[in-house]
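Inspection log for the structure reproduced underneath, given as structure tokens.
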Amino acid sequence: MGRTARGVRGISLDEGNEVIGMETITPDSTAAILTVTEYGYGKRTAVSEYRLQGRGGRGIISVKVTEKNGPAVSFHQVRDDDEIMVMTAEGKILRTKVDDVREISRNAQGVRLIDMGENDRVIGVAKLAETTPEGVIEADGDESGPSPQSNGG
């Protein structure tokens with residue numbers, strides 16, 4: 001397509017729905033999808049439970065939304081050895097290992113990840129970068145931190 005093209009429809013949304021994220025998953029992936037809701041519930045679901053979607057699809061339900069758990073606010077492709085950080089509007093932060101979150105089906109509400117006050121809500125979830133003794137491995141696989149050639153100054 002040219003620079004001025006409008007593109008193609010990625011997903012068809014019902015009124016009131018919105019896109020909260022996107023992941024590219026390979027058919028041979030061993031990862032899981034971590035879904036977190038507004039009221040502090042979360043769950044891991046095996047990638048194999050998600051079917052392939054084409055352009056303009058209606059999407060796939062990833063979590064059963066109820067008044068108890070609230071709408072989904074975040075999802076990430078994760079592995080068992082990953083860590084996540086959950087942040088709330090009132091400033092609570094939870095750092096936890098992904099394998100501490102129960103793996104259950106797509107048609108489930110999830111389990112409580114973080115205790116919150118009645119008026120608090122989850123505003124963000126971040127997957128933490130992998131760490132090595134030399135530095136931090138960024139998403140593209142490059143290491144940041146002191147380079148072997150630098151003299152520290």
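Identifiers in this document derive from the order of the structure tokens: chains are assigned A, B, ..., residues are numbered from 1 separately in each chain, and ligands are numbered from 1 in order of occurrence.
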
- Query: Got a sec to tell me which of range 37-145 of chain A DSSP assigns to helix (DSSP H, G or I), as a ChimeraX atom specification?
  - Reply: /A:47-49,98-100

Selected residues, N, CA and C atoms, written as an mmCIF file, in the first residue's frame, please.
```
data_model
loop_
_atom_site.group_PDB
_atom_site.id
_atom_site.type_symbol
_atom_site.label_atom_id
_atom_site.label_comp_id
_atom_site.auth_asym_id
_atom_site.auth_seq_id
_atom_site.Cartn_x
_atom_site.Cartn_y
_atom_site.Cartn_z
ATOM 1 N N VAL A 47 -1.876 -20.761 24.995
ATOM 2 C CA VAL A 47 -2.036 -20.193 23.661
ATOM 3 C C VAL A 47 -2.890 -21.101 22.786
ATOM 4 N N SER A 48 -2.814 -22.393 22.992
ATOM 5 C CA SER A 48 -3.562 -23.351 22.171
ATOM 6 C C SER A 48 -5.080 -23.183 22.299
ATOM 7 N N GLU A 49 -5.561 -22.482 23.323
ATOM 8 C CA GLU A 49 -6.999 -22.267 23.497
ATOM 9 C C GLU A 49 -7.531 -21.114 22.644
ATOM 10 N N VAL A 98 5.190 -14.998 37.002
ATOM 11 C CA VAL A 98 4.050 -15.436 36.202
ATOM 12 C C VAL A 98 3.600 -16.836 36.595
ATOM 13 N N ASP A 99 4.546 -17.715 36.948
ATOM 14 C CA ASP A 99 4.124 -19.080 37.292
ATOM 15 C C ASP A 99 3.383 -19.147 38.625
ATOM 16 N N ASP A 100 3.275 -18.023 39.363
ATOM 17 C CA ASP A 100 2.437 -17.966 40.564
ATOM 18 C C ASP A 100 0.974 -17.698 40.222
#
```

- Message: Applying 7 Å and only C-alpha atoms, which residues near range 75-79 of chain A remain after dropping the ones on its own chain fewer than 4 positions away? List them as number ranges by chain.
- Response: A: 21, 23, 31-36

The selected residues should be written to file as a PDB file, in the first residue's frame (atoms: N, CA, C and O atoms).
```
ATOM      1  N   GLY A  21      -4.746  -4.266  23.553  1.00  0.00           N
ATOM      2  CA  GLY A  21      -3.420  -4.757  23.221  1.00  0.00           C
ATOM      3  C   GLY A  21      -3.477  -5.732  22.068  1.00  0.00           C
ATOM      4  O   GLY A  21      -4.541  -6.051  21.557  1.00  0.00           O
ATOM      5  N   GLU A  23      -0.985  -9.214  20.458  1.00  0.00           N
ATOM      6  CA  GLU A  23       0.174 -10.099  20.511  1.00  0.00           C
ATOM      7  C   GLU A  23       0.238 -10.911  19.229  1.00  0.00           C
ATOM      8  O   GLU A  23      -0.795 -11.307  18.691  1.00  0.00           O
ATOM      9  N   ALA A  31       4.131 -20.362  24.982  1.00  0.00           N
ATOM     10  CA  ALA A  31       3.778 -19.298  25.918  1.00  0.00           C
ATOM     11  C   ALA A  31       2.310 -19.406  26.319  1.00  0.00           C
ATOM     12  O   ALA A  31       1.558 -20.224  25.794  1.00  0.00           O
ATOM     13  N   ALA A  32       1.927 -18.556  27.251  1.00  0.00           N
ATOM     14  CA  ALA A  32       0.538 -18.443  27.679  1.00  0.00           C
ATOM     15  C   ALA A  32       0.142 -16.977  27.564  1.00  0.00           C
ATOM     16  O   ALA A  32       0.990 -16.093  27.435  1.00  0.00           O
ATOM     17  N   ILE A  33      -1.144 -16.719  27.608  1.00  0.00           N
ATOM     18  CA  ILE A  33      -1.654 -15.353  27.600  1.00  0.00           C
ATOM     19  C   ILE A  33      -2.077 -15.012  29.023  1.00  0.00           C
ATOM     20  O   ILE A  33      -2.889 -15.717  29.624  1.00  0.00           O
ATOM     21  N   LEU A  34      -1.500 -13.941  29.564  1.00  0.00           N
ATOM     22  CA  LEU A  34      -1.858 -13.447  30.889  1.00  0.00           C
ATOM     23  C   LEU A  34      -2.860 -12.317  30.709  1.00  0.00           C
ATOM     24  O   LEU A  34      -2.567 -11.330  30.030  1.00  0.00           O
ATOM     25  N   THR A  35      -4.048 -12.462  31.278  1.00  0.00           N
ATOM     26  CA  THR A  35      -5.082 -11.437  31.206  1.00  0.00           C
ATOM     27  C   THR A  35      -5.328 -10.917  32.610  1.00  0.00           C
ATOM     28  O   THR A  35      -5.481 -11.703  33.551  1.00  0.00           O
ATOM     29  N   VAL A  36      -5.358  -9.579  32.778  1.00  0.00           N
ATOM     30  CA  VAL A  36      -5.591  -8.946  34.077  1.00  0.00           C
ATOM     31  C   VAL A  36      -6.795  -8.024  33.951  1.00  0.00           C
ATOM     32  O   VAL A  36      -6.943  -7.315  32.952  1.00  0.00           O
TER      33      VAL A  36
END
```

- Item | Those in chain A with strand (DSSP E or B) from DSSP, as an MDAnalysis selection string | chainID A and resid 11 32:37 41:46 57 72:78 83:88 93:97 103 111:112 122:127 130:132 135:137 143:144

- Task: Identify which of the residues A:Val8, A:Met1, A:Leu128, A:Met116 lies closest to Lys97 in chain A, counting only C-alpha atoms when measuring atom-to-atom distances.
- Result: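 Counting only C-alpha atoms, the residue closest to Lys97 in chain A is A:Leu128.
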
- Contacts of range 109-113 of chain A within 7 Å, only C-alpha atoms, excl. fewer than 6 positions in-chain, as a ChimeraX atom specification: /A:40-43,63-65,69

- Query: So which residues touch Tyr50 in chain A within 10 Å, counting only C-alpha atoms, skipping near sequence neighbours fewer than 5 positions away, as a PyMOL selection string?
  - Reply: chain A and resi 25+33+45+60-62+106

Tell me which protein, DNA and RNA residues are within 12 Å of range 15-17 of chain A, counting only C-alpha atoms, leaving out same-chain ones fewer than 2 positions away, and put them as an mmCIF file with all heavy atoms, in the first residue's frame.
```cif
data_model
loop_
_atom_site.group_PDB
_atom_site.id
_atom_site.type_symbol
_atom_site.label_atom_id
_atom_site.label_comp_id
_atom_site.auth_asym_id
_atom_site.auth_seq_id
_atom_site.Cartn_x
_atom_site.Cartn_y
_atom_site.Cartn_z
ATOM 1 N N ILE A 11 -9.927 -5.364 13.167
ATOM 2 C CA ILE A 11 -10.920 -6.002 14.023
ATOM 3 C C ILE A 11 -12.203 -5.190 13.980
ATOM 4 O O ILE A 11 -12.174 -3.961 13.858
ATOM 5 C CB ILE A 11 -10.404 -6.138 15.485
ATOM 6 C CG1 ILE A 11 -11.374 -6.926 16.356
ATOM 7 C CG2 ILE A 11 -10.107 -4.785 16.086
ATOM 8 C CD1 ILE A 11 -10.825 -7.295 17.727
ATOM 9 N N SER A 12 -13.340 -5.869 14.046
ATOM 10 C CA SER A 12 -14.645 -5.213 14.114
ATOM 11 C C SER A 12 -15.075 -5.189 15.571
ATOM 12 O O SER A 12 -15.145 -6.240 16.213
ATOM 13 C CB SER A 12 -15.676 -5.970 13.283
ATOM 14 O OG SER A 12 -15.297 -5.989 11.925
ATOM 15 N N LEU A 13 -15.350 -4.001 16.103
ATOM 16 C CA LEU A 13 -15.692 -3.863 17.518
ATOM 17 C C LEU A 13 -17.158 -3.511 17.709
ATOM 18 O O LEU A 13 -17.719 -2.716 16.951
ATOM 19 C CB LEU A 13 -14.842 -2.763 18.165
ATOM 20 C CG LEU A 13 -13.342 -2.998 18.201
ATOM 21 C CD1 LEU A 13 -12.633 -1.761 18.721
ATOM 22 C CD2 LEU A 13 -13.020 -4.200 19.061
ATOM 23 N N VAL A 19 -9.828 -1.871 21.956
ATOM 24 C CA VAL A 19 -8.630 -2.711 21.872
ATOM 25 C C VAL A 19 -7.712 -2.336 23.035
ATOM 26 O O VAL A 19 -7.427 -1.170 23.244
ATOM 27 C CB VAL A 19 -7.910 -2.515 20.526
ATOM 28 C CG1 VAL A 19 -6.606 -3.294 20.490
ATOM 29 C CG2 VAL A 19 -8.814 -2.928 19.374
ATOM 30 N N ILE A 20 -7.258 -3.333 23.817
ATOM 31 C CA ILE A 20 -6.349 -3.058 24.933
ATOM 32 C C ILE A 20 -4.941 -3.553 24.645
ATOM 33 O O ILE A 20 -4.033 -3.290 25.415
ATOM 34 C CB ILE A 20 -6.853 -3.657 26.262
ATOM 35 C CG1 ILE A 20 -6.988 -5.174 26.168
ATOM 36 C CG2 ILE A 20 -8.138 -3.004 26.687
ATOM 37 C CD1 ILE A 20 -7.233 -5.859 27.499
ATOM 38 N N ARG A 58 -14.192 -10.629 14.890
ATOM 39 C CA ARG A 58 -14.887 -10.075 16.040
ATOM 40 C C ARG A 58 -14.082 -10.204 17.319
ATOM 41 O O ARG A 58 -14.507 -9.755 18.368
ATOM 42 C CB ARG A 58 -16.245 -10.762 16.233
ATOM 43 C CG ARG A 58 -17.140 -10.722 15.030
ATOM 44 C CD ARG A 58 -17.657 -9.369 14.695
ATOM 45 N NE ARG A 58 -18.531 -8.887 15.742
ATOM 46 C CZ ARG A 58 -19.019 -7.675 15.771
ATOM 47 N NH1 ARG A 58 -18.705 -6.831 14.824
ATOM 48 N NH2 ARG A 58 -19.791 -7.287 16.741
ATOM 49 N N GLY A 59 -12.929 -10.836 17.245
ATOM 50 C CA GLY A 59 -12.109 -11.017 18.434
ATOM 51 C C GLY A 59 -12.413 -12.330 19.129
ATOM 52 O O GLY A 59 -13.282 -13.092 18.711
ATOM 53 N N ILE A 61 -12.951 -14.026 23.121
ATOM 54 C CA ILE A 61 -13.124 -13.751 24.545
ATOM 55 C C ILE A 61 -11.954 -14.362 25.300
ATOM 56 O O ILE A 61 -11.662 -15.545 25.171
ATOM 57 C CB ILE A 61 -14.461 -14.313 25.058
ATOM 58 C CG1 ILE A 61 -15.616 -13.567 24.389
ATOM 59 C CG2 ILE A 61 -14.544 -14.199 26.569
ATOM 60 C CD1 ILE A 61 -16.976 -14.149 24.681
ATOM 61 N N PRO A 71 -13.794 -5.202 33.770
ATOM 62 C CA PRO A 71 -13.324 -5.412 32.395
ATOM 63 C C PRO A 71 -11.829 -5.693 32.335
ATOM 64 O O PRO A 71 -11.072 -5.304 33.221
ATOM 65 C CB PRO A 71 -13.664 -4.089 31.699
ATOM 66 C CG PRO A 71 -13.738 -3.084 32.797
ATOM 67 C CD PRO A 71 -14.202 -3.818 34.020
ATOM 68 N N ALA A 72 -11.405 -6.340 31.259
ATOM 69 C CA ALA A 72 -9.979 -6.610 31.049
ATOM 70 C C ALA A 72 -9.253 -5.300 30.794
ATOM 71 O O ALA A 72 -9.742 -4.436 30.072
ATOM 72 C CB ALA A 72 -9.793 -7.562 29.873
ATOM 73 N N VAL A 73 -8.078 -5.140 31.416
ATOM 74 C CA VAL A 73 -7.278 -3.928 31.212
ATOM 75 C C VAL A 73 -5.941 -4.221 30.556
ATOM 76 O O VAL A 73 -5.301 -3.322 30.038
ATOM 77 C CB VAL A 73 -7.043 -3.147 32.531
ATOM 78 C CG1 VAL A 73 -8.337 -2.610 33.074
ATOM 79 C CG2 VAL A 73 -6.318 -3.985 33.551
#
```
